[in-house]
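S.K.: Structure file final32.pdb (PDB, C-alpha atoms) right here:
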```pdb
MODEL        1
ATOM      1  CA  MET A   1     -17.877   5.416 -11.425
ATOM      2  CA  ALA A   2     -15.187   7.484  -9.771
ATOM      3  CA  ARG A   3     -13.275   7.452  -6.545
ATOM      4  CA  ARG A   4     -12.144  10.425  -4.592
ATOM      5  CA  ALA A   5      -8.443  10.887  -3.984
ATOM      6  CA  VAL A   6      -7.333  11.619  -0.466
ATOM      7  CA  GLY A   7      -7.108  15.355   0.107
ATOM      8  CA  GLY A   8      -5.455  17.219   2.917
ATOM      9  CA  THR A   9      -7.170  18.984   5.775
ATOM     10  CA  GLY A  10      -9.576  21.576   4.413
ATOM     11  CA  VAL A  11      -8.962  20.509   0.800
ATOM     12  CA  LYS A  12     -11.510  18.492  -1.132
ATOM     13  CA  GLY A  13      -9.823  15.660  -3.024
ATOM     14  CA  ALA A  14     -10.380  15.126  -6.724
ATOM     15  CA  ARG A  15     -12.647  12.365  -7.950
ATOM     16  CA  ARG A  16     -10.614  10.083 -10.176
ATOM     17  CA  PRO A  17     -12.123   8.298 -13.143
ATOM     18  CA  GLU A  18     -12.629   4.564 -12.962
ATOM     19  CA  VAL A  19     -12.917   3.593 -16.590
ATOM     20  CA  ARG A  20     -14.241   0.078 -17.179
ATOM     21  CA  LEU A  21     -14.121  -0.600 -20.876
ATOM     22  CA  PRO A  22     -16.418  -3.160 -22.477
ATOM     23  CA  VAL A  23     -15.186  -5.741 -24.982
ATOM     24  CA  LEU A  24     -13.737  -3.598 -27.754
ATOM     25  CA  GLU A  25     -13.794  -4.025 -31.504
ATOM     26  CA  PRO A  26     -10.555  -3.540 -33.473
ATOM     27  CA  TYR A  27     -10.461  -0.232 -35.307
ATOM     28  CA  ARG A  28     -10.447  -0.595 -39.078
ATOM     29  CA  VAL A  29      -7.788   1.743 -40.419
ATOM     30  CA  GLY A  30      -9.261   4.843 -41.971
ATOM     31  CA  GLU A  31      -9.208   8.599 -41.680
ATOM     32  CA  LEU A  32     -11.032  10.437 -38.960
ATOM     33  CA  GLU A  33     -14.216  12.174 -40.012
ATOM     34  CA  PRO A  34     -15.637  15.467 -38.717
ATOM     35  CA  ASP A  35     -18.560  14.728 -36.381
ATOM     36  CA  GLY A  36     -17.693  11.030 -36.569
ATOM     37  CA  ASP A  37     -19.021   8.575 -33.987
ATOM     38  CA  TYR A  38     -16.451   6.155 -32.527
ATOM     39  CA  ASP A  39     -17.887   3.744 -29.970
ATOM     40  CA  GLY A  40     -16.248   0.763 -28.259
ATOM     41  CA  LEU A  41     -13.127   0.703 -30.412
ATOM     42  CA  ASP A  42      -9.608  -0.572 -29.776
ATOM     43  CA  VAL A  43      -7.338   1.747 -31.781
ATOM     44  CA  ARG A  44      -3.691   0.683 -31.922
ATOM     45  CA  GLU A  45      -0.711   2.435 -33.543
ATOM     46  CA  ALA A  46      -2.945   4.456 -35.859
ATOM     47  CA  ASP A  47      -1.473   7.506 -37.577
ATOM     48  CA  PHE A  48      -3.954  10.377 -37.454
ATOM     49  CA  THR A  49      -1.409  13.006 -38.494
ATOM     50  CA  GLY A  50      -3.102  16.051 -40.006
ATOM     51  CA  GLN A  51      -6.565  14.455 -39.996
ATOM     52  CA  ASP A  52      -9.774  16.281 -39.082
ATOM     53  CA  GLY A  53     -12.032  14.755 -36.448
ATOM     54  CA  SER A  54     -13.582  18.023 -35.291
ATOM     55  CA  GLY A  55     -16.808  17.457 -33.395
ATOM     56  CA  ALA A  56     -16.276  13.691 -33.241
ATOM     57  CA  ARG A  57     -17.417  11.573 -30.296
ATOM     58  CA  PHE A  58     -15.226   8.886 -28.729
ATOM     59  CA  MET A  59     -17.096   6.672 -26.261
ATOM     60  CA  ASP A  60     -15.666   3.612 -24.471
ATOM     61  CA  CYS A  61     -12.534   3.675 -26.625
ATOM     62  CA  ALA A  62      -8.899   2.719 -26.080
ATOM     63  CA  LEU A  63      -6.240   4.509 -28.122
ATOM     64  CA  THR A  64      -2.751   3.046 -27.802
ATOM     65  CA  GLY A  65       0.438   4.362 -29.415
ATOM     66  CA  CYS A  66      -1.396   6.628 -31.844
ATOM     67  CA  ALA A  67       0.164   9.613 -33.646
ATOM     68  CA  LEU A  68      -1.764  12.876 -33.220
ATOM     69  CA  ASP A  69       0.495  15.398 -34.942
ATOM     70  CA  GLU A  70      -1.597  18.402 -36.039
ATOM     71  CA  THR A  71      -4.735  16.297 -35.584
ATOM     72  CA  ARG A  72      -7.833  18.498 -35.438
ATOM     73  CA  LEU A  73     -10.262  17.449 -32.705
ATOM     74  CA  ARG A  74     -11.895  20.777 -31.909
ATOM     75  CA  HIS A  75     -15.221  20.408 -30.091
ATOM     76  CA  ALA A  76     -14.667  16.642 -29.842
ATOM     77  CA  ARG A  77     -16.209  14.661 -26.963
ATOM     78  CA  VAL A  78     -14.067  12.001 -25.333
ATOM     79  CA  LEU A  79     -16.029   9.963 -22.803
ATOM     80  CA  ASP A  80     -15.136   6.919 -20.679
ATOM     81  CA  SER A  81     -11.967   6.301 -22.666
ATOM     82  CA  VAL A  82      -8.296   5.470 -22.151
ATOM     83  CA  PHE A  83      -5.412   6.972 -24.129
ATOM     84  CA  THR A  84      -2.033   5.272 -23.675
ATOM     85  CA  GLY A  85       1.284   6.304 -25.208
ATOM     86  CA  VAL A  86      -0.221   8.779 -27.660
ATOM     87  CA  ARG A  87       2.200  11.271 -29.167
ATOM     88  CA  GLY A  88       2.043  14.355 -31.306
ATOM     89  CA  VAL A  89       2.797  18.033 -31.817
ATOM     90  CA  GLY A  90       0.088  20.642 -32.221
ATOM     91  CA  THR A  91      -2.883  18.414 -31.429
ATOM     92  CA  ASP A  92      -5.972  20.649 -31.486
ATOM     93  CA  LEU A  93      -8.530  19.826 -28.793
ATOM     94  CA  ALA A  94      -9.800  23.372 -28.355
ATOM     95  CA  GLU A  95     -13.239  23.524 -26.715
ATOM     96  CA  ALA A  96     -13.346  19.733 -26.489
ATOM     97  CA  THR A  97     -14.987  17.812 -23.633
ATOM     98  CA  LEU A  98     -13.059  15.105 -21.773
ATOM     99  CA  ARG A  99     -15.057  13.248 -19.141
ATOM    100  CA  ASP A 100     -13.956  10.084 -17.303
ATOM    101  CA  VAL A 101     -10.725   9.854 -19.273
ATOM    102  CA  GLU A 102      -7.320   8.374 -18.444
ATOM    103  CA  LEU A 103      -4.297   9.686 -20.361
ATOM    104  CA  THR A 104      -1.158   7.661 -19.643
ATOM    105  CA  ASP A 105       2.444   8.149 -20.803
ATOM    106  CA  ALA A 106       1.599  10.751 -23.424
ATOM    107  CA  ARG A 107       4.314  12.667 -25.284
ATOM    108  CA  LEU A 108       2.699  15.844 -26.543
ATOM    109  CA  GLY A 109       4.033  19.188 -27.674
ATOM    110  CA  GLY A 110       1.877  22.299 -27.783
ATOM    111  CA  PRO A 111      -1.518  20.597 -27.412
ATOM    112  CA  GLN A 112      -4.369  23.100 -27.658
ATOM    113  CA  LEU A 113      -7.077  22.631 -25.045
ATOM    114  CA  HIS A 114      -8.099  26.249 -24.621
ATOM    115  CA  GLY A 115     -11.748  26.530 -23.712
ATOM    116  CA  ALA A 116     -11.959  22.778 -23.118
ATOM    117  CA  VAL A 117     -13.889  21.075 -20.316
ATOM    118  CA  LEU A 118     -12.078  18.367 -18.328
ATOM    119  CA  GLU A 119     -14.035  16.440 -15.709
ATOM    120  CA  ARG A 120     -12.766  13.369 -13.873
ATOM    121  CA  VAL A 121      -9.564  13.168 -15.887
ATOM    122  CA  LEU A 122      -6.332  11.439 -14.838
ATOM    123  CA  ILE A 123      -3.120  12.423 -16.633
ATOM    124  CA  ARG A 124      -0.435   9.985 -15.522
ATOM    125  CA  GLY A 125       3.207   9.816 -16.613
ATOM    126  CA  GLY A 126       4.671  11.164 -19.821
ATOM    127  CA  LYS A 127       5.631  14.690 -20.764
ATOM    128  CA  ILE A 128       3.538  17.537 -22.126
ATOM    129  CA  ASP A 129       5.240  20.699 -23.381
ATOM    130  CA  TYR A 130       3.408  24.029 -23.674
ATOM    131  CA  LEU A 131       0.007  22.712 -22.687
ATOM    132  CA  ASN A 132      -2.581  25.378 -23.528
ATOM    133  CA  LEU A 133      -5.481  25.288 -21.077
ATOM    134  CA  ARG A 134      -6.391  28.967 -21.283
ATOM    135  CA  THR A 135     -10.008  29.621 -20.235
ATOM    136  CA  ALA A 136     -10.545  25.864 -19.809
ATOM    137  CA  ARG A 137     -12.623  24.367 -16.994
ATOM    138  CA  LEU A 138     -10.986  21.615 -14.954
ATOM    139  CA  ARG A 139     -12.962  19.752 -12.333
ATOM    140  CA  ASP A 140     -11.737  16.615 -10.578
ATOM    141  CA  VAL A 141      -8.492  16.444 -12.550
ATOM    142  CA  VAL A 142      -5.308  14.715 -11.350
ATOM    143  CA  PHE A 143      -1.841  15.211 -12.827
ATOM    144  CA  GLU A 144       0.277  12.320 -11.573
ATOM    145  CA  GLY A 145       3.920  11.482 -12.248
ATOM    146  CA  CYS A 146       4.080  13.626 -15.375
ATOM    147  CA  VAL A 147       6.228  16.534 -16.533
ATOM    148  CA  LEU A 148       4.446  19.740 -17.558
ATOM    149  CA  VAL A 149       6.696  22.297 -19.264
ATOM    150  CA  GLU A 150       5.264  25.833 -19.297
ATOM    151  CA  PRO A 151       1.594  24.857 -18.955
ATOM    152  CA  ASP A 152      -0.735  27.816 -19.482
ATOM    153  CA  PHE A 153      -3.748  27.940 -17.151
ATOM    154  CA  GLY A 154      -4.484  31.589 -17.961
ATOM    155  CA  GLY A 155      -8.105  32.465 -17.252
ATOM    156  CA  ALA A 156      -8.940  28.821 -16.493
ATOM    157  CA  ARG A 157     -11.168  27.595 -13.670
ATOM    158  CA  LEU A 158      -9.649  24.795 -11.601
ATOM    159  CA  GLU A 159     -11.747  22.980  -9.008
ATOM    160  CA  ARG A 160     -10.533  19.929  -7.093
ATOM    161  CA  VAL A 161      -7.316  19.594  -9.095
ATOM    162  CA  GLU A 162      -4.319  17.684  -7.722
ATOM    163  CA  PHE A 163      -0.675  17.559  -8.746
ATOM    164  CA  VAL A 164       0.950  14.339  -7.498
ATOM    165  CA  ASP A 165       4.656  13.516  -7.983
ATOM    166  CA  CYS A 166       4.745  15.652 -11.114
ATOM    167  CA  ALA A 167       6.950  18.529 -12.224
ATOM    168  CA  LEU A 168       5.495  21.914 -13.081
ATOM    169  CA  LYS A 169       8.006  24.050 -14.933
ATOM    170  CA  GLY A 170       7.046  27.651 -15.634
ATOM    171  CA  ALA A 171       3.317  27.255 -14.933
ATOM    172  CA  ASP A 172       1.205  30.347 -15.669
ATOM    173  CA  PHE A 173      -1.956  30.903 -13.608
ATOM    174  CA  HIS A 174      -2.625  34.456 -14.829
ATOM    175  CA  ALA A 175      -6.292  35.385 -14.263
ATOM    176  CA  ALA A 176      -7.118  31.786 -13.264
ATOM    177  CA  THR A 177      -9.614  30.857 -10.546
ATOM    178  CA  LEU A 178      -8.537  28.088  -8.180
ATOM    179  CA  THR A 179     -10.714  26.160  -5.738
ATOM    180  CA  ASP A 180      -9.396  23.184  -3.737
ATOM    181  CA  VAL A 181      -6.245  22.926  -5.846
ATOM    182  CA  ASP A 182      -3.592  20.800  -4.129
ATOM    183  CA  LEU A 183      -0.040  21.561  -5.223
ATOM    184  CA  ARG A 184       1.687  19.962  -2.243
ATOM    185  CA  GLY A 185       2.441  16.721  -4.039
ATOM    186  CA  ALA A 186       4.263  18.374  -6.933
ATOM    187  CA  ALA A 187       7.836  17.110  -7.134
ATOM    188  CA  SER A 188       8.900  20.532  -8.389
ATOM    189  CA  LEU A 189       6.902  23.744  -8.601
ATOM    190  CA  GLU A 190       7.909  26.685 -10.769
ATOM    191  CA  ILE A 191       5.338  29.412 -11.358
ATOM    192  CA  SER A 192       6.030  32.064 -13.967
ATOM    193  CA  GLY A 193       2.844  34.074 -13.585
ATOM    194  CA  GLY A 194      -0.365  34.406 -11.619
ATOM    195  CA  LEU A 195       1.027  34.033  -8.109
ATOM    196  CA  ASP A 196      -1.719  36.387  -6.990
ATOM    197  CA  ARG A 197      -4.300  33.808  -8.143
ATOM    198  CA  LEU A 198      -3.203  31.039  -5.761
ATOM    199  CA  SER A 199      -5.603  31.914  -2.971
ATOM    200  CA  GLY A 200      -7.637  28.779  -3.656
ATOM    201  CA  ALA A 201      -4.610  26.483  -3.648
ATOM    202  CA  VAL A 202      -2.630  24.769  -0.914
ATOM    203  CA  ILE A 203       1.161  24.411  -1.005
ATOM    204  CA  SER A 204       3.702  22.955   1.390
ATOM    205  CA  THR A 205       6.050  24.909   3.636
ATOM    206  CA  ALA A 206       9.008  23.833   1.504
ATOM    207  CA  GLN A 207       7.272  25.062  -1.645
ATOM    208  CA  LEU A 208       6.567  28.392   0.028
ATOM    209  CA  LEU A 209      10.265  28.792   0.752
ATOM    210  CA  ASP A 210      11.119  27.907  -2.849
ATOM    211  CA  LEU A 211       8.662  30.511  -4.110
ATOM    212  CA  ALA A 212       9.782  33.178  -1.655
ATOM    213  CA  PRO A 213      12.193  34.938  -4.076
ATOM    214  CA  VAL A 214       9.490  35.187  -6.738
ATOM    215  CA  LEU A 215       6.937  36.432  -4.210
ATOM    216  CA  ALA A 216       9.390  39.000  -2.875
ATOM    217  CA  ALA A 217      10.110  40.275  -6.377
ATOM    218  CA  GLN A 218       6.412  40.548  -7.166
ATOM    219  CA  TRP A 219       5.697  42.478  -3.993
ATOM    220  CA  GLY A 220       8.747  44.704  -4.373
ATOM    221  CA  ILE A 221      10.404  43.369  -1.238
ATOM    222  CA  ARG A 222      14.180  43.721  -1.144
ATOM    223  CA  VAL A 223      15.914  40.893   0.675
ATOM    224  CA  GLU A 224      19.429  41.486   1.954
ATOM    225  CA  GLY A 225      21.849  39.744   4.278
TER     226      GLY A 225
ENDMDL
END
```
Transcribe the structure of this file into structure tokens.

M.R.:
Amino acid sequence: MARRAVGGTGVKGARRPEVRLPVLEPYRVGELEPDGDYDGLDVREADFTGQDGSGARFMDCALTGCALDETRLRHARVLDSVFTGVRGVGTDLAEATLRDVELTDARLGGPQLHGAVLERVLIRGGKIDYLNLRTARLRDVVFEGCVLVEPDFGGARLERVEFVDCALKGADFHAATLTDVDLRGAASLEISGGLDRLSGAVISTAQLLDLAPVLAAQWGIRVEG
């Protein structure tokens, strides 16, 4: 189940996930396995540093306070799951699939999600540095109350994506394709590249004024007086 967030006039709102977890079984401590199957598990304070769960499937799971430093989860599938307070540097989720997922209060540095597919995903709170979403596909994704430092959306496709009360610092939209992307709710908006790709986005008047110097520089307009 999902509910649609309220969008502005002419902008289709994102469908948020509504994850309803069943009764979960405690996770028995052990290393992740490539192509492993993890179903209905309550995983608390586990340390997955450097482990390889490439191709694994997580279904109806709750991960709380887990360490994901250099954890390899390439091609993993994360479905109907909730991640809370996870942390890590260099987590590899390249070409993974995240569907109906809530990620809350994460502290991540340099997570790799290039080529990933995100559908009905809510990222709320926390801070993510150098998020790599190059060539990823985002549909019905909401970034809410989080800090994104130099996120890279290069070549990505964003459809019905909302930024609510979050800070975007040095966002790069080079070669990205945007459809119904709502940036008006961003608490701060700094774009380092790809301003020419914002035709499918909506921003506020105040944000337009903030971006005016960057737009003028890109278009070669000299402003004096």

S.K.: Given the file shown, determine the residues that the PyMOL selection byres ((chain A and resi 39) around 8) selects; report them as a VMD selection string.

M.R.: chain A and resid 37 to 38 40 to 41 57 to 61

S.K.: Using all atoms listed in the file, which of A:Gly200, A:Gly154, A:Gly193, A:Pro111 sits nearest Ala175 in chain A?

M.R.: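 Once distances to Ala175 in chain A are computed over all atoms listed in the file, the minimum belongs to A:Gly154.
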
S.K.: Point out the residue among A:Cys66, A:Leu138, A:Leu148, A:Val117 with the least atom-to-atom distance to Val78 in chain A, counting all atoms listed in the file.

M.R.: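 Answer, going by the shortest atom-to-atom distance: A:Val117.
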
S.K.: Just to confirm, what's the straight-line distance from CA of Arg157 in chain A to CA of Arg124 in chain A in Å (one decimal)?

M.R.: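 About the pair CA of Arg157 in chain A and CA of Arg124 in chain A: they are 20.7 Å apart.
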
S.K.: One number please: CA of Arg44 in chain A to CA of Arg15 in chain A, in Å, one decimal.

M.R.: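 We find that CA of Arg44 in chain A and CA of Arg15 in chain A lie 28.1 Å from each other.
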
S.K.: List the residues matched by the PyMOL selection byres ((chain A and resi 137) around 9) in the displayed structure as a PyMOL selection string, ordered by chain and then by residue number.

M.R.: chain A and resi 115-119+133-136+138-139+156-159

S.K.: Where does the PyMOL selection byres ((chain A and resi 43) around 10) land in this file, that is, which residues does it pick, as a PyMOL selection string?

M.R.: chain A and resi 24-29+40-42+44-46+61-66+83

S.K.: Between A:Ser188, A:Thr91, A:Asn132, A:Thr97, which one has atoms that come closest to Ala76 in chain A, using all atoms listed in the file?

M.R.: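 Closest residue, counting all atoms listed in the file: A:Thr97.
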
S.K.: In Å, how far is it from CA of Thr104 in chain A to CA of Glu18 in chain A?

M.R.: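 Result for CA of Thr104 in chain A versus CA of Glu18 in chain A: 13.6 Å, one decimal.
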
S.K.: Would you pick out the contacts of Ile191 in chain A at 12 Å or less, using only C-alpha atoms, so that residues sharing its chain but fewer than 5 positions from it are not included, and give the list as a VMD selection string?

M.R.: chain A and resid 148 to 153 167 to 174 183 186 196 to 198 207 to 208 210 to 215 218

S.K.: So that I can see what lies close to Glu31 in chain A, please list as a PyMOL selection string the residues with an atom at most 9 Å from it, counting only C-alpha atoms and leaving out residues fewer than 6 positions away in the same chain.

M.R.: chain A and resi 47-48+51-53

S.K.: Let me have the centre and edge lengths in Å, one decimal, of the box along x, y and z around every listed atom of range 169-182 of chain A with 4 Å of margin on each side, as JSON.

M.R.:
```
{"center_x": -1.4, "center_y": 28.1, "center_z": -9.7, "size_x": 26.7, "size_y": 22.6, "size_z": 19.9}
```
